[in-house]
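The next block is final_15.tsv, given as TSV, C-alpha atoms.
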```tsv
chain	number	residue	atom	x	y	z
A	1	MET	CA	0.00	0.00	0.00
A	2	ILE	CA	1.27	3.44	-0.96
A	3	VAL	CA	0.82	6.27	1.55
A	4	GLN	CA	0.34	9.73	0.03
A	5	ASP	CA	0.42	12.74	2.33
A	6	LEU	CA	-1.53	15.53	0.63
A	7	GLY	CA	-0.84	18.01	3.44
A	8	GLN	CA	-3.55	20.67	3.66
A	9	MET	CA	-5.92	20.54	0.70
A	10	ALA	CA	-9.43	21.79	-0.03
A	11	TYR	CA	-12.11	19.10	0.08
A	12	ARG	CA	-13.01	19.24	-3.62
A	13	ALA	CA	-9.36	19.06	-4.69
A	14	ALA	CA	-8.80	16.04	-2.44
A	15	TRP	CA	-11.95	14.45	-3.84
A	16	ALA	CA	-10.46	14.80	-7.32
A	17	ALA	CA	-7.23	13.22	-6.04
A	18	GLN	CA	-9.29	10.34	-4.67
A	19	ASP	CA	-10.96	9.80	-8.03
A	20	GLU	CA	-7.57	9.71	-9.73
A	21	ALA	CA	-6.23	7.22	-7.19
A	22	HIS	CA	-9.43	5.16	-7.46
A	23	ALA	CA	-9.06	4.86	-11.24
A	24	ALA	CA	-5.46	3.68	-10.83
A	25	VAL	CA	-6.43	1.02	-8.26
A	26	VAL	CA	-9.39	-0.17	-10.36
A	27	ALA	CA	-6.92	-0.60	-13.22
A	28	GLY	CA	-4.77	-2.86	-11.04
A	29	GLY	CA	-2.36	-0.36	-9.54
A	30	ASP	CA	-1.07	-0.39	-5.99
A	31	GLU	CA	-3.62	0.25	-3.28
A	32	ARG	CA	-3.07	3.47	-1.41
A	33	VAL	CA	-4.16	5.64	1.46
A	34	LEU	CA	-4.38	9.41	1.16
A	35	LEU	CA	-3.75	11.50	4.28
A	36	VAL	CA	-5.01	15.09	4.35
A	37	GLU	CA	-6.21	18.00	6.45
A	38	HIS	CA	-9.06	20.01	4.96
A	39	PRO	CA	-9.70	23.71	5.54
A	40	ALA	CA	-13.07	24.23	7.26
A	41	VAL	CA	-15.82	22.42	5.35
A	42	ILE	CA	-19.16	20.82	6.18
A	43	THR	CA	-19.97	17.78	4.06
A	44	PHE	CA	-23.17	15.87	3.53
A	45	GLY	CA	-23.36	12.19	2.61
A	46	ARG	CA	-25.78	10.61	0.14
A	47	ARG	CA	-28.55	10.04	2.69
A	48	SER	CA	-31.55	12.31	2.08
A	49	GLY	CA	-32.85	14.85	4.59
A	50	GLN	CA	-29.49	15.76	6.11
A	51	GLU	CA	-29.93	19.49	5.57
A	52	LYS	CA	-32.01	19.64	8.75
A	53	HIS	CA	-28.83	18.82	10.66
A	54	LEU	CA	-27.15	22.03	9.49
A	55	LEU	CA	-27.73	24.54	12.29
A	56	ALA	CA	-25.93	27.61	10.94
A	57	SER	CA	-27.22	30.05	8.33
A	58	SER	CA	-25.45	30.61	5.01
A	59	GLN	CA	-24.46	34.05	6.26
A	60	ARG	CA	-22.85	32.62	9.40
A	61	LEU	CA	-21.00	29.97	7.40
A	62	GLY	CA	-19.71	32.67	5.07
A	63	GLU	CA	-18.51	34.77	7.99
A	64	LEU	CA	-16.59	31.79	9.34
A	65	GLY	CA	-15.24	30.78	5.94
A	66	VAL	CA	-16.84	27.34	6.08
A	67	GLU	CA	-17.51	25.66	2.73
A	68	VAL	CA	-20.45	23.28	2.26
A	69	VAL	CA	-20.11	20.26	-0.05
A	70	HIS	CA	-22.55	17.49	-0.95
A	71	SER	CA	-20.43	14.35	-1.16
A	72	ASP	CA	-21.12	10.88	-2.53
A	73	ARG	CA	-19.94	9.10	0.61
A	74	GLY	CA	-22.11	7.23	3.05
A	75	GLY	CA	-23.11	8.68	6.39
A	76	ASP	CA	-24.64	11.93	7.53
A	77	VAL	CA	-23.37	15.49	7.89
A	78	THR	CA	-19.93	16.08	9.37
A	79	PHE	CA	-17.27	18.75	9.70
A	80	HIS	CA	-13.67	18.69	8.51
A	81	GLY	CA	-11.09	21.26	9.54
A	82	LEU	CA	-7.42	21.82	10.19
A	83	GLY	CA	-6.18	19.75	13.09
A	84	GLN	CA	-8.31	16.80	11.98
A	85	LEU	CA	-6.59	13.92	10.18
A	86	VAL	CA	-8.62	12.55	7.28
A	87	ALA	CA	-7.56	9.23	5.73
A	88	TYR	CA	-8.90	7.92	2.44
A	89	PRO	CA	-7.97	4.26	1.90
A	90	ILE	CA	-8.36	3.24	-1.76
A	91	VAL	CA	-8.44	-0.56	-1.68
A	92	ARG	CA	-9.91	-3.48	-3.62
A	93	LEU	CA	-12.34	-5.13	-1.23
A	94	ILE	CA	-12.26	-8.48	-3.04
A	95	ASP	CA	-8.51	-8.75	-2.48
A	96	HIS	CA	-9.16	-8.66	1.25
A	97	ARG	CA	-12.28	-10.83	1.16
A	98	LEU	CA	-14.29	-7.99	2.67
A	99	SER	CA	-17.90	-6.98	2.32
A	100	VAL	CA	-18.71	-3.27	2.63
A	101	GLY	CA	-19.70	-3.86	6.26
A	102	GLY	CA	-16.52	-5.82	6.86
A	103	PHE	CA	-14.48	-2.99	5.38
A	104	VAL	CA	-16.14	-0.48	7.72
A	105	HIS	CA	-15.37	-2.68	10.71
A	106	ARG	CA	-11.76	-3.07	9.53
A	107	LEU	CA	-11.39	0.71	9.46
A	108	GLU	CA	-12.88	0.98	12.95
A	109	ASP	CA	-10.38	-1.63	14.18
A	110	VAL	CA	-7.52	0.34	12.62
A	111	VAL	CA	-8.52	3.49	14.47
A	112	LEU	CA	-8.98	1.57	17.73
A	113	ALA	CA	-5.40	0.34	17.38
A	114	VAL	CA	-4.11	3.83	16.54
A	115	LEU	CA	-5.80	5.37	19.56
A	116	ALA	CA	-4.59	2.59	21.86
A	117	GLU	CA	-1.02	3.19	20.70
A	118	LEU	CA	-1.47	6.89	21.42
A	119	GLY	CA	-2.79	6.21	24.93
A	120	VAL	CA	-6.55	6.54	24.39
A	121	THR	CA	-9.05	3.76	25.00
A	122	ALA	CA	-11.92	3.97	22.52
A	123	HIS	CA	-14.85	1.76	21.68
A	124	LYS	CA	-17.39	1.04	18.98
A	125	ASP	CA	-21.08	1.80	19.40
A	126	PRO	CA	-23.45	-0.76	17.85
A	127	ALA	CA	-25.96	2.04	17.29
A	128	ALA	CA	-23.58	4.49	15.60
A	129	ILE	CA	-20.68	4.02	13.18
A	130	GLY	CA	-17.40	5.57	14.26
A	131	LEU	CA	-15.24	5.51	17.37
A	132	TRP	CA	-16.17	6.81	20.79
A	133	VAL	CA	-14.38	7.53	24.06
A	134	GLN	CA	-15.47	7.98	27.62
A	135	ARG	CA	-15.18	11.64	28.56
A	136	PRO	CA	-13.13	12.24	31.73
A	137	GLY	CA	-15.33	12.91	34.75
A	138	GLN	CA	-18.56	12.22	32.86
A	139	ALA	CA	-19.58	8.65	33.61
A	140	GLY	CA	-21.80	7.05	31.06
A	141	GLU	CA	-21.35	9.77	28.43
A	142	SER	CA	-19.37	8.95	25.31
A	143	ALA	CA	-17.99	11.47	22.84
A	144	LYS	CA	-17.12	10.81	19.22
A	145	ILE	CA	-13.47	11.09	18.31
A	146	CYS	CA	-13.55	9.58	14.83
A	147	ALA	CA	-16.23	9.76	12.12
A	148	LEU	CA	-16.45	7.29	9.27
A	149	GLY	CA	-18.16	7.35	5.90
A	150	VAL	CA	-17.27	5.33	2.81
A	151	ARG	CA	-18.34	4.51	-0.71
A	152	VAL	CA	-17.45	1.47	-2.78
A	153	ARG	CA	-17.45	1.87	-6.57
A	154	ARG	CA	-16.39	-0.87	-8.96
A	155	GLY	CA	-15.23	-2.88	-5.96
A	156	VAL	CA	-12.78	-0.22	-4.78
A	157	SER	CA	-13.28	2.00	-1.74
A	158	LEU	CA	-13.49	5.78	-1.53
A	159	HIS	CA	-13.68	8.25	1.37
A	160	GLY	CA	-12.85	6.95	4.85
A	161	ILE	CA	-12.19	8.29	8.33
A	162	ALA	CA	-11.83	11.65	10.08
A	163	LEU	CA	-9.91	11.59	13.37
A	164	ASN	CA	-9.99	14.67	15.60
A	165	VAL	CA	-6.43	15.41	16.66
A	166	LYS	CA	-6.31	19.12	17.50
A	167	THR	CA	-9.51	20.19	15.78
A	168	ASP	CA	-11.33	23.34	16.89
A	169	LEU	CA	-14.39	21.55	18.25
A	170	ARG	CA	-16.48	24.73	18.25
A	171	TYR	CA	-17.12	24.20	14.55
A	172	PHE	CA	-19.18	21.12	15.37
A	173	GLU	CA	-21.73	23.45	16.98
A	174	LEU	CA	-22.72	24.42	13.44
A	175	ILE	CA	-24.20	20.98	12.79
A	176	VAL	CA	-25.76	17.95	14.44
A	177	PRO	CA	-22.67	15.77	13.97
A	178	CYS	CA	-23.54	12.63	12.00
A	179	GLY	CA	-27.18	13.41	12.71
A	180	LEU	CA	-26.87	12.19	16.31
A	181	VAL	CA	-28.73	14.51	18.64
A	182	ASP	CA	-27.25	15.04	22.13
A	183	ARG	CA	-23.99	13.27	21.25
A	184	THR	CA	-20.81	15.29	21.66
A	185	VAL	CA	-17.42	15.21	19.94
A	186	THR	CA	-13.91	15.28	21.34
A	187	SER	CA	-10.29	15.26	20.20
A	188	LEU	CA	-6.94	13.87	21.23
A	189	GLN	CA	-5.97	17.33	22.42
A	190	GLN	CA	-9.04	17.59	24.63
A	191	LEU	CA	-8.44	14.14	26.09
A	192	LEU	CA	-4.67	14.26	26.55
A	193	GLY	CA	-4.00	17.95	27.03
A	194	PRO	CA	-0.36	19.05	26.63
A	195	GLY	CA	0.64	15.40	26.17
A	196	ALA	CA	-1.38	15.03	22.98
A	197	PRO	CA	0.67	13.85	20.00
A	198	ASP	CA	1.29	16.23	17.12
A	199	MET	CA	-0.17	15.65	13.66
A	200	ALA	CA	3.05	14.16	12.31
A	201	LYS	CA	3.03	11.45	14.98
A	202	VAL	CA	-0.65	10.61	14.41
A	203	LYS	CA	-0.04	10.36	10.67
A	204	GLU	CA	2.89	8.02	11.24
A	205	VAL	CA	0.90	5.71	13.51
A	206	LEU	CA	-2.21	5.72	11.32
A	207	ALA	CA	-0.26	5.07	8.13
A	208	ARG	CA	1.56	2.13	9.69
A	209	GLN	CA	-1.58	0.62	11.21
A	210	MET	CA	-3.47	1.04	7.93
A	211	CYS	CA	-0.73	-0.63	5.92
A	212	GLU	CA	-0.53	-3.53	8.36
A	213	ALA	CA	-4.31	-3.99	8.37
A	214	PHE	CA	-4.54	-4.24	4.60
A	215	ALA	CA	-1.38	-6.26	4.06
A	216	MET	CA	-2.41	-9.22	6.21
A	217	ASP	CA	-4.78	-10.76	3.68
A	218	ALA	CA	-3.90	-9.11	0.39
```

Let's see the structure in the file written out as structure tokens.
Amino acid sequence: MIVQDLGQMAYRAAWAAQDEAHAAVVAGGDERVLLVEHPAVITFGRRSGQEKHLLASSQRLGELGVEVVHSDRGGDVTFHGLGQLVAYPIVRLIDHRLSVGGFVHRLEDVVLAVLAELGVTAHKDPAAIGLWVQRPGQAGESAKICALGVRVRRGVSLHGIALNVKTDLRYFELIVPCGLVDRTVTSLQQLLGPGAPDMAKVKEVLARQMCEAFAMDA
């Protein structure tokens, strides 16, 4: 698997890069994972009726410089911004004997391993895709640290995961994240404070875990 670090790139430009990588993998090229940070953008998935989960007016979004994009991924509305690591694995599911659901669970397992290596215990929620953590001092309340939304086209995956590293969480107040009312979000910085890893470290761990996860049965 080839790891491509796109640095900071607008959502639409990264989407075009995904399509280019997808075409190469469909044609038999090496699988790859794209790593990127997006400037502030709210994206909608393919599910209908998500606009009701956008809480801010167009004027407010303009003032904040937040773009809005309707994507072709699965899932509901989410926010991407600097300080959040987005990973787009472009893989042939058949090579790994994975269904779409199995692929989603594989990605969740990758992020669980990444967070564990970075000192954070996370868990899955059978009622909500993504990864969750127990908030310090708030028993029974989980906060989302990683969102997930994918698409599979011609047997090859697109889109992926968004892990909050040092994201400005105030932006999530503009939406109902993933359409889940009364569920909060968190970040590695919020959980670990000054000891939180920097983006370079998180990229290194995620890239390694992703490559290991998709090399085991290729």

Contacts of range 208-212 of chain A within 8 Å, only C-alpha atoms, excl. fewer than 4 positions in-chain, as a PyMOL selection string: chain A and resi 1+33+110+113-114+204+216

Minimum-distance residue to Gly193 in chain A, chosen among A:Val165, A:Ile175, A:Val86, A:His123 (using all atoms listed in the file): A:Val165

Best match for closeness to His80 in chain A among A:Asp19, A:Asp109, A:Glu117, A:Glu37, counting all atoms listed in the file: A:Glu37

Cut-off 12 Å: closest range 17-94 of chain A/range 168-173 of chain A atom pairs per residue, using only C-alpha atoms, as CSV:
```
residue,atom,partner,partner_atom,distance
A:Pro39,CA,A:Asp168,CA,11.5
A:Ala40,CA,A:Tyr171,CA,8.3
A:Val41,CA,A:Tyr171,CA,9.5
A:Ile42,CA,A:Phe172,CA,9.2
A:Thr43,CA,A:Phe172,CA,11.8
A:His53,CA,A:Glu173,CA,10.6
A:Leu54,CA,A:Glu173,CA,9.4
A:Leu55,CA,A:Glu173,CA,7.7
A:Ala56,CA,A:Glu173,CA,8.5
A:Arg60,CA,A:Tyr171,CA,11.4
A:Leu61,CA,A:Tyr171,CA,10.0
A:Leu64,CA,A:Tyr171,CA,9.2
A:Gly65,CA,A:Tyr171,CA,11.0
A:Val66,CA,A:Tyr171,CA,9.0
A:Glu67,CA,A:Tyr171,CA,11.9
A:Val77,CA,A:Phe172,CA,10.3
A:Thr78,CA,A:Phe172,CA,7.9
A:Phe79,CA,A:Phe172,CA,6.4
A:His80,CA,A:Tyr171,CA,8.9
A:Gly81,CA,A:Asp168,CA,7.6
A:Leu82,CA,A:Asp168,CA,7.9
A:Gly83,CA,A:Asp168,CA,7.3
A:Gln84,CA,A:Asp168,CA,8.7
```

Coordinates-based distance that separates CA of Gly119 in chain A from CA of Leu34 in chain A (Å, one decimal):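 Here the two named atoms are 24.0 Å from each other.
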
Who sits within 12 Å of Lys166 in chain A, all atoms listed in the file, same chain under 5 positions skipped, as a short mmCIF file (atom, residue, chain, number, x, y, z; two decimals) with C-alpha atoms, in the frame of the given file:
```
data_model
loop_
_atom_site.label_atom_id
_atom_site.label_comp_id
_atom_site.auth_asym_id
_atom_site.auth_seq_id
_atom_site.Cartn_x
_atom_site.Cartn_y
_atom_site.Cartn_z
CA GLU A 37 -6.21 18.00 6.45
CA HIS A 80 -13.67 18.69 8.51
CA GLY A 81 -11.09 21.26 9.54
CA LEU A 82 -7.42 21.82 10.19
CA GLY A 83 -6.18 19.75 13.09
CA GLN A 84 -8.31 16.80 11.98
CA LEU A 85 -6.59 13.92 10.18
CA ILE A 145 -13.47 11.09 18.31
CA THR A 186 -13.91 15.28 21.34
CA SER A 187 -10.29 15.26 20.20
CA LEU A 188 -6.94 13.87 21.23
CA GLN A 189 -5.97 17.33 22.42
CA GLN A 190 -9.04 17.59 24.63
CA LEU A 191 -8.44 14.14 26.09
CA LEU A 192 -4.67 14.26 26.55
CA GLY A 193 -4.00 17.95 27.03
CA PRO A 194 -0.36 19.05 26.63
CA GLY A 195 0.64 15.40 26.17
CA ALA A 196 -1.38 15.03 22.98
CA PRO A 197 0.67 13.85 20.00
CA ASP A 198 1.29 16.23 17.12
CA MET A 199 -0.17 15.65 13.66
CA ALA A 200 3.05 14.16 12.31
CA VAL A 202 -0.65 10.61 14.41
#
```

Interatomic distance, CA of Asp72 in chain A to CA of Gly45 in chain A (Å, one decimal):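 Going from CA of Asp72 in chain A over to CA of Gly45 in chain A, I get 5.8 Å.
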
Protein, DNA and RNA residues within 9 Å of (-12.2, -2.9, -5.7), only C-alpha atoms, as a list in words: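 Nearby residues: His22, Val25, Val26, Ile90, Val91, Arg92, Leu93, Ile94, Asp95, Val152, Arg153, Arg154, Gly155, Val156 and Ser157 of chain A.
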
Given all atoms listed in the file as the counted atoms, nearest of A:Lys203, A:His96, A:Arg32, A:Arg183 to Gln134 in chain A: A:Arg183

Separation of CA of Met9 in chain A from CA of Ala23 in chain A in Å: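 Spanning CA of Ala23 in chain A to CA of Met9 in chain A is a straight-line distance of 20.0 Å.
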
Residue with smallest distance to Ala21 in chain A - pool A:Val185, A:Val120, A:Leu163, A:Leu158, counting all atoms listed in the file: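 Smallest distance to Ala21 in chain A is found for A:Leu158.
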
Please give the centre and size of the box around range 192-202 of chain A (axis-aligned, containing every atom listed in the file, 4 Å added per side), with values in Å to one decimal and written as JSON.
```
{"center_x": -0.8, "center_y": 14.8, "center_z": 19.7, "size_x": 15.7, "size_y": 16.4, "size_z": 22.7}
```
